[in-house]
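Chemist: My structure is stored as my_file-v9.pdb, with PDB, N, CA and C atoms.
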ATOM      1  N   MET A1060      25.586 -77.020  -6.903
ATOM      2  CA  MET A1060      26.981 -77.380  -6.918
ATOM      3  C   MET A1060      27.812 -76.113  -6.986
ATOM      4  N   PRO A1061      28.630 -75.871  -5.974
ATOM      5  CA  PRO A1061      29.448 -74.654  -5.989
ATOM      6  C   PRO A1061      30.515 -74.707  -7.083
ATOM      7  N   ASN A1062      30.806 -73.591  -7.670
ATOM      8  CA  ASN A1062      31.875 -73.468  -8.665
ATOM      9  C   ASN A1062      32.872 -72.430  -8.177
ATOM     10  N   GLY A1063      34.137 -72.690  -8.379
ATOM     11  CA  GLY A1063      35.172 -71.715  -8.042
ATOM     12  C   GLY A1063      36.113 -71.580  -9.222
ATOM     13  N   PHE A1064      36.485 -70.379  -9.576
ATOM     14  CA  PHE A1064      37.368 -70.150 -10.718
ATOM     15  C   PHE A1064      38.616 -69.427 -10.247
ATOM     16  N   VAL A1065      39.774 -69.900 -10.701
ATOM     17  CA  VAL A1065      41.045 -69.282 -10.360
ATOM     18  C   VAL A1065      41.827 -69.092 -11.654
ATOM     19  N   ARG A1066      42.229 -67.874 -11.923
ATOM     20  CA  ARG A1066      43.018 -67.589 -13.126
ATOM     21  C   ARG A1066      44.445 -68.051 -12.892
ATOM     22  N   ASN A1067      44.961 -68.877 -13.784
ATOM     23  CA  ASN A1067      46.309 -69.400 -13.678
ATOM     24  C   ASN A1067      47.201 -68.638 -14.646
ATOM     25  N   GLU A1068      47.970 -67.677 -14.132
ATOM     26  CA  GLU A1068      48.811 -66.822 -14.966
ATOM     27  C   GLU A1068      49.961 -67.617 -15.599
ATOM     28  N   LYS A1069      50.477 -68.615 -14.902
ATOM     29  CA  LYS A1069      51.621 -69.381 -15.406
ATOM     30  C   LYS A1069      51.275 -70.124 -16.693
ATOM     31  N   TYR A1070      50.094 -70.746 -16.735
ATOM     32  CA  TYR A1070      49.719 -71.547 -17.896
ATOM     33  C   TYR A1070      48.646 -70.883 -18.762
ATOM     34  N   ASN A1071      48.248 -69.670 -18.402
ATOM     35  CA  ASN A1071      47.292 -68.883 -19.181
ATOM     36  C   ASN A1071      45.964 -69.617 -19.407
ATOM     37  N   TYR A1072      45.410 -70.172 -18.353
ATOM     38  CA  TYR A1072      44.076 -70.757 -18.427
ATOM     39  C   TYR A1072      43.400 -70.618 -17.071
ATOM     40  N   THR A1073      42.128 -70.931 -17.020
ATOM     41  CA  THR A1073      41.356 -70.823 -15.795
ATOM     42  C   THR A1073      41.081 -72.207 -15.240
ATOM     43  N   THR A1074      41.370 -72.397 -13.957
ATOM     44  CA  THR A1074      41.047 -73.666 -13.310
ATOM     45  C   THR A1074      39.751 -73.482 -12.530
ATOM     46  N   TYR A1075      39.038 -74.570 -12.323
ATOM     47  CA  TYR A1075      37.791 -74.481 -11.573
ATOM     48  C   TYR A1075      37.553 -75.791 -10.829
ATOM     49  N   THR A1076      36.690 -75.721  -9.859
ATOM     50  CA  THR A1076      36.283 -76.916  -9.129
ATOM     51  C   THR A1076      34.769 -77.011  -9.164
ATOM     52  N   ARG A1077      34.276 -78.213  -9.220
ATOM     53  CA  ARG A1077      32.840 -78.459  -9.134
ATOM     54  C   ARG A1077      32.699 -79.700  -8.265
ATOM     55  N   TYR A1078      31.948 -79.575  -7.192
ATOM     56  CA  TYR A1078      31.875 -80.658  -6.233
ATOM     57  C   TYR A1078      30.575 -80.609  -5.448
ATOM     58  N   ILE A1079      30.293 -81.720  -4.797
ATOM     59  CA  ILE A1079      29.179 -81.810  -3.863
ATOM     60  C   ILE A1079      29.795 -82.150  -2.509
ATOM     61  N   CYS A1080      29.352 -81.473  -1.469
ATOM     62  CA  CYS A1080      29.879 -81.774  -0.146
ATOM     63  C   CYS A1080      28.759 -81.714   0.890
ATOM     64  N   SER A1081      28.967 -82.455   1.957
ATOM     65  CA  SER A1081      28.034 -82.411   3.086
ATOM     66  C   SER A1081      28.848 -82.521   4.367
ATOM     67  N   TYR A1082      28.301 -81.969   5.432
ATOM     68  CA  TYR A1082      28.985 -82.016   6.721
ATOM     69  C   TYR A1082      28.052 -82.622   7.757
ATOM     70  N   ASP A1083      28.515 -83.692   8.403
ATOM     71  CA  ASP A1083      27.773 -84.360   9.466
ATOM     72  C   ASP A1083      28.233 -83.750  10.790
ATOM     73  N   SER A1084      27.442 -82.858  11.354
ATOM     74  CA  SER A1084      27.851 -82.145  12.570
ATOM     75  C   SER A1084      27.897 -83.059  13.796
ATOM     76  N   LYS A1085      27.101 -84.107  13.821
ATOM     77  CA  LYS A1085      27.114 -85.030  14.954
ATOM     78  C   LYS A1085      28.446 -85.783  15.040
ATOM     79  N   HIS A1086      28.944 -86.247  13.882
ATOM     80  CA  HIS A1086      30.192 -87.009  13.856
ATOM     81  C   HIS A1086      31.386 -86.164  13.398
ATOM     82  N   LYS A1087      31.140 -84.870  13.109
ATOM     83  CA  LYS A1087      32.179 -83.938  12.653
ATOM     84  C   LYS A1087      32.946 -84.521  11.470
ATOM     85  N   LEU A1088      32.199 -84.863  10.421
ATOM     86  CA  LEU A1088      32.759 -85.546   9.263
ATOM     87  C   LEU A1088      32.320 -84.832   7.979
ATOM     88  N   LEU A1089      33.293 -84.455   7.155
ATOM     89  CA  LEU A1089      33.043 -83.808   5.878
ATOM     90  C   LEU A1089      33.108 -84.868   4.783
ATOM     91  N   THR A1090      32.105 -84.915   3.914
ATOM     92  CA  THR A1090      32.068 -85.848   2.790
ATOM     93  C   THR A1090      32.048 -85.029   1.504
ATOM     94  N   VAL A1091      32.940 -85.374   0.569
ATOM     95  CA  VAL A1091      33.109 -84.595  -0.657
ATOM     96  C   VAL A1091      33.173 -85.542  -1.859
ATOM     97  N   LYS A1092      32.533 -85.127  -2.961
ATOM     98  CA  LYS A1092      32.656 -85.844  -4.231
ATOM     99  C   LYS A1092      32.798 -84.821  -5.340
ATOM    100  N   SER A1093      33.843 -84.990  -6.139
ATOM    101  CA  SER A1093      34.073 -84.121  -7.290
ATOM    102  C   SER A1093      33.241 -84.600  -8.467
ATOM    103  N   ASN A1094      32.932 -83.704  -9.380
ATOM    104  CA  ASN A1094      32.176 -84.143 -10.556
ATOM    105  C   ASN A1094      33.074 -84.843 -11.572
ATOM    106  N   THR A1095      34.397 -84.763 -11.406
ATOM    107  CA  THR A1095      35.319 -85.404 -12.336
ATOM    108  C   THR A1095      35.911 -86.698 -11.788
ATOM    109  N   ASN A1096      35.617 -87.029 -10.548
ATOM    110  CA  ASN A1096      36.170 -88.225  -9.908
ATOM    111  C   ASN A1096      35.025 -88.954  -9.210
ATOM    112  N   PRO A1097      34.783 -90.231  -9.510
ATOM    113  CA  PRO A1097      33.658 -90.945  -8.917
ATOM    114  C   PRO A1097      33.873 -91.362  -7.456
ATOM    115  N   THR A1098      35.083 -91.185  -6.950
ATOM    116  CA  THR A1098      35.382 -91.577  -5.575
ATOM    117  C   THR A1098      34.785 -90.578  -4.592
ATOM    118  N   VAL A1099      34.217 -91.078  -3.502
ATOM    119  CA  VAL A1099      33.694 -90.228  -2.428
ATOM    120  C   VAL A1099      34.745 -90.189  -1.325
ATOM    121  N   TYR A1100      35.104 -88.986  -0.889
ATOM    122  CA  TYR A1100      36.131 -88.796   0.140
ATOM    123  C   TYR A1100      35.485 -88.311   1.423
ATOM    124  N   GLN A1101      36.051 -88.735   2.561
ATOM    125  CA  GLN A1101      35.598 -88.249   3.864
ATOM    126  C   GLN A1101      36.797 -87.733   4.641
ATOM    127  N   LEU A1102      36.561 -86.658   5.375
ATOM    128  CA  LEU A1102      37.606 -86.009   6.153
ATOM    129  C   LEU A1102      37.060 -85.661   7.518
ATOM    130  N   GLY A1103      37.758 -86.100   8.552
ATOM    131  CA  GLY A1103      37.374 -85.786   9.918
ATOM    132  C   GLY A1103      38.451 -84.950  10.593
ATOM    133  N   PHE A1104      38.137 -84.391  11.742
ATOM    134  CA  PHE A1104      39.112 -83.556  12.454
ATOM    135  C   PHE A1104      40.378 -84.325  12.814
ATOM    136  N   GLU A1105      40.270 -85.627  13.028
ATOM    137  CA  GLU A1105      41.449 -86.425  13.378
ATOM    138  C   GLU A1105      42.410 -86.560  12.193
ATOM    139  N   ASP A1106      41.949 -86.237  10.978
ATOM    140  CA  ASP A1106      42.803 -86.288   9.792
ATOM    141  C   ASP A1106      43.661 -85.034   9.634
ATOM    142  N   ILE A1107      43.392 -84.002  10.404
ATOM    143  CA  ILE A1107      44.127 -82.741  10.307
ATOM    144  C   ILE A1107      45.304 -82.787  11.275
ATOM    145  N   GLU A1108      46.526 -82.664  10.729
ATOM    146  CA  GLU A1108      47.720 -82.792  11.552
ATOM    147  C   GLU A1108      47.982 -81.554  12.418
ATOM    148  N   ASP A1109      47.979 -80.379  11.833
ATOM    149  CA  ASP A1109      48.288 -79.153  12.576
ATOM    150  C   ASP A1109      47.077 -78.225  12.506
ATOM    151  N   LYS A1110      46.256 -78.268  13.527
ATOM    152  CA  LYS A1110      44.991 -77.528  13.515
ATOM    153  C   LYS A1110      45.167 -76.014  13.635
ATOM    154  N   ASP A1111      46.382 -75.547  13.963
ATOM    155  CA  ASP A1111      46.639 -74.114  14.089
ATOM    156  C   ASP A1111      46.992 -73.459  12.756
ATOM    157  N   LYS A1112      47.194 -74.256  11.715
ATOM    158  CA  LYS A1112      47.580 -73.717  10.411
ATOM    159  C   LYS A1112      46.448 -73.882   9.409
ATOM    160  N   ARG A1113      46.454 -73.015   8.410
ATOM    161  CA  ARG A1113      45.472 -73.118   7.324
ATOM    162  C   ARG A1113      45.704 -74.426   6.573
ATOM    163  N   GLN A1114      44.625 -75.085   6.195
ATOM    164  CA  GLN A1114      44.722 -76.399   5.565
ATOM    165  C   GLN A1114      44.205 -76.364   4.130
ATOM    166  N   ALA A1115      44.783 -77.215   3.296
ATOM    167  CA  ALA A1115      44.297 -77.425   1.936
ATOM    168  C   ALA A1115      44.318 -78.919   1.673
ATOM    169  N   PHE A1116      43.236 -79.428   1.124
ATOM    170  CA  PHE A1116      43.131 -80.846   0.806
ATOM    171  C   PHE A1116      42.731 -80.960  -0.656
ATOM    172  N   PHE A1117      43.444 -81.794  -1.381
ATOM    173  CA  PHE A1117      43.218 -81.927  -2.813
ATOM    174  C   PHE A1117      42.686 -83.320  -3.135
ATOM    175  N   LEU A1118      41.688 -83.385  -3.994
ATOM    176  CA  LEU A1118      41.145 -84.668  -4.428
ATOM    177  C   LEU A1118      42.050 -85.252  -5.505
ATOM    178  N   ASP A1119      42.243 -86.547  -5.460
ATOM    179  CA  ASP A1119      43.090 -87.239  -6.416
ATOM    180  C   ASP A1119      42.478 -87.146  -7.808
ATOM    181  N   THR A1120      43.286 -86.761  -8.790
ATOM    182  CA  THR A1120      42.787 -86.685 -10.163
ATOM    183  C   THR A1120      43.161 -87.923 -10.965
ATOM    184  N   ASP A1121      44.030 -88.774 -10.424
ATOM    185  CA  ASP A1121      44.400 -90.012 -11.093
ATOM    186  C   ASP A1121      43.610 -91.154 -10.457
ATOM    187  N   PHE A1122      42.675 -91.691 -11.182
ATOM    188  CA  PHE A1122      41.844 -92.763 -10.661
ATOM    189  C   PHE A1122      41.431 -93.672 -11.809
ATOM    190  N   ILE A1123      40.983 -94.847 -11.461
ATOM    191  CA  ILE A1123      40.567 -95.836 -12.454
ATOM    192  C   ILE A1123      39.062 -96.035 -12.358
ATOM    193  N   VAL A1124      38.390 -95.989 -13.476
ATOM    194  CA  VAL A1124      36.958 -96.241 -13.519
ATOM    195  C   VAL A1124      36.750 -97.574 -14.245
ATOM    196  N   GLU A1125      36.015 -98.460 -13.610
ATOM    197  CA  GLU A1125      35.721 -99.745 -14.241
ATOM    198  C   GLU A1125      34.249 -99.771 -14.635
ATOM    199  N   LYS A1126      33.976-100.188 -15.839
ATOM    200  CA  LYS A1126      32.604-100.278 -16.321
ATOM    201  C   LYS A1126      31.943-101.537 -15.751
ATOM    202  N   LEU A1127      30.711-101.423 -15.348
ATOM    203  CA  LEU A1127      29.958-102.573 -14.884
ATOM    204  C   LEU A1127      29.488-103.383 -16.084
ATOM    205  N   LYS A1128      29.570-104.681 -15.966
ATOM    206  CA  LYS A1128      29.166-105.547 -17.093
ATOM    207  C   LYS A1128      27.709-105.881 -17.027
TER
END
Can I see the file as structure tokens?
Modeler:
Amino acid sequence: MPNGFVRNEKYNYTTYTRYICSYDSKHKLLTVKSNTNPTVYQLGFEDIEDKDKRQAFFLDTDFIVEKLK
């Protein structure tokens, strides 16, 4: 699981990401799951609006987890 650390000078703490990702080259589809969010996200080239610009995609941090009975 890749880890990335970014020092946040404004709030004086370090942010990080931990995730699992895979890329399906046949269908050109990126699948990502964060370790803090149980939702699995998929991103394809058709989801990118302006392919000439650098892109950033953020995983939703507000989500609901329901316990199985």
Chemist: Work out how far apart atom C of A:Phe1104 and atom N of A:Leu1088 are and give it in Å to one decimal.
Modeler: 8.5 Å
Chemist: Please, what distance in Å, to one decimal, runs between atom N of A:Ser1084 and atom N of A:Asp1106?
Modeler: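 Between these atoms lies a distance of 14.9 Å.
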Chemist: Report, in Å with one decimal, the straight-line distance from atom C of A:Gly1103 to atom C of A:Leu1118.
Modeler: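 It comes out at 16.5 Å.
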Chemist: Let me know the residues the PyMOL selection byres (((chain A and resi 1093 and name CA) around 8) and name CA) catches in the file above, as a PyMOL selection string.
Modeler: chain A and resi 1076-1079+1091-1092+1094-1099+1118
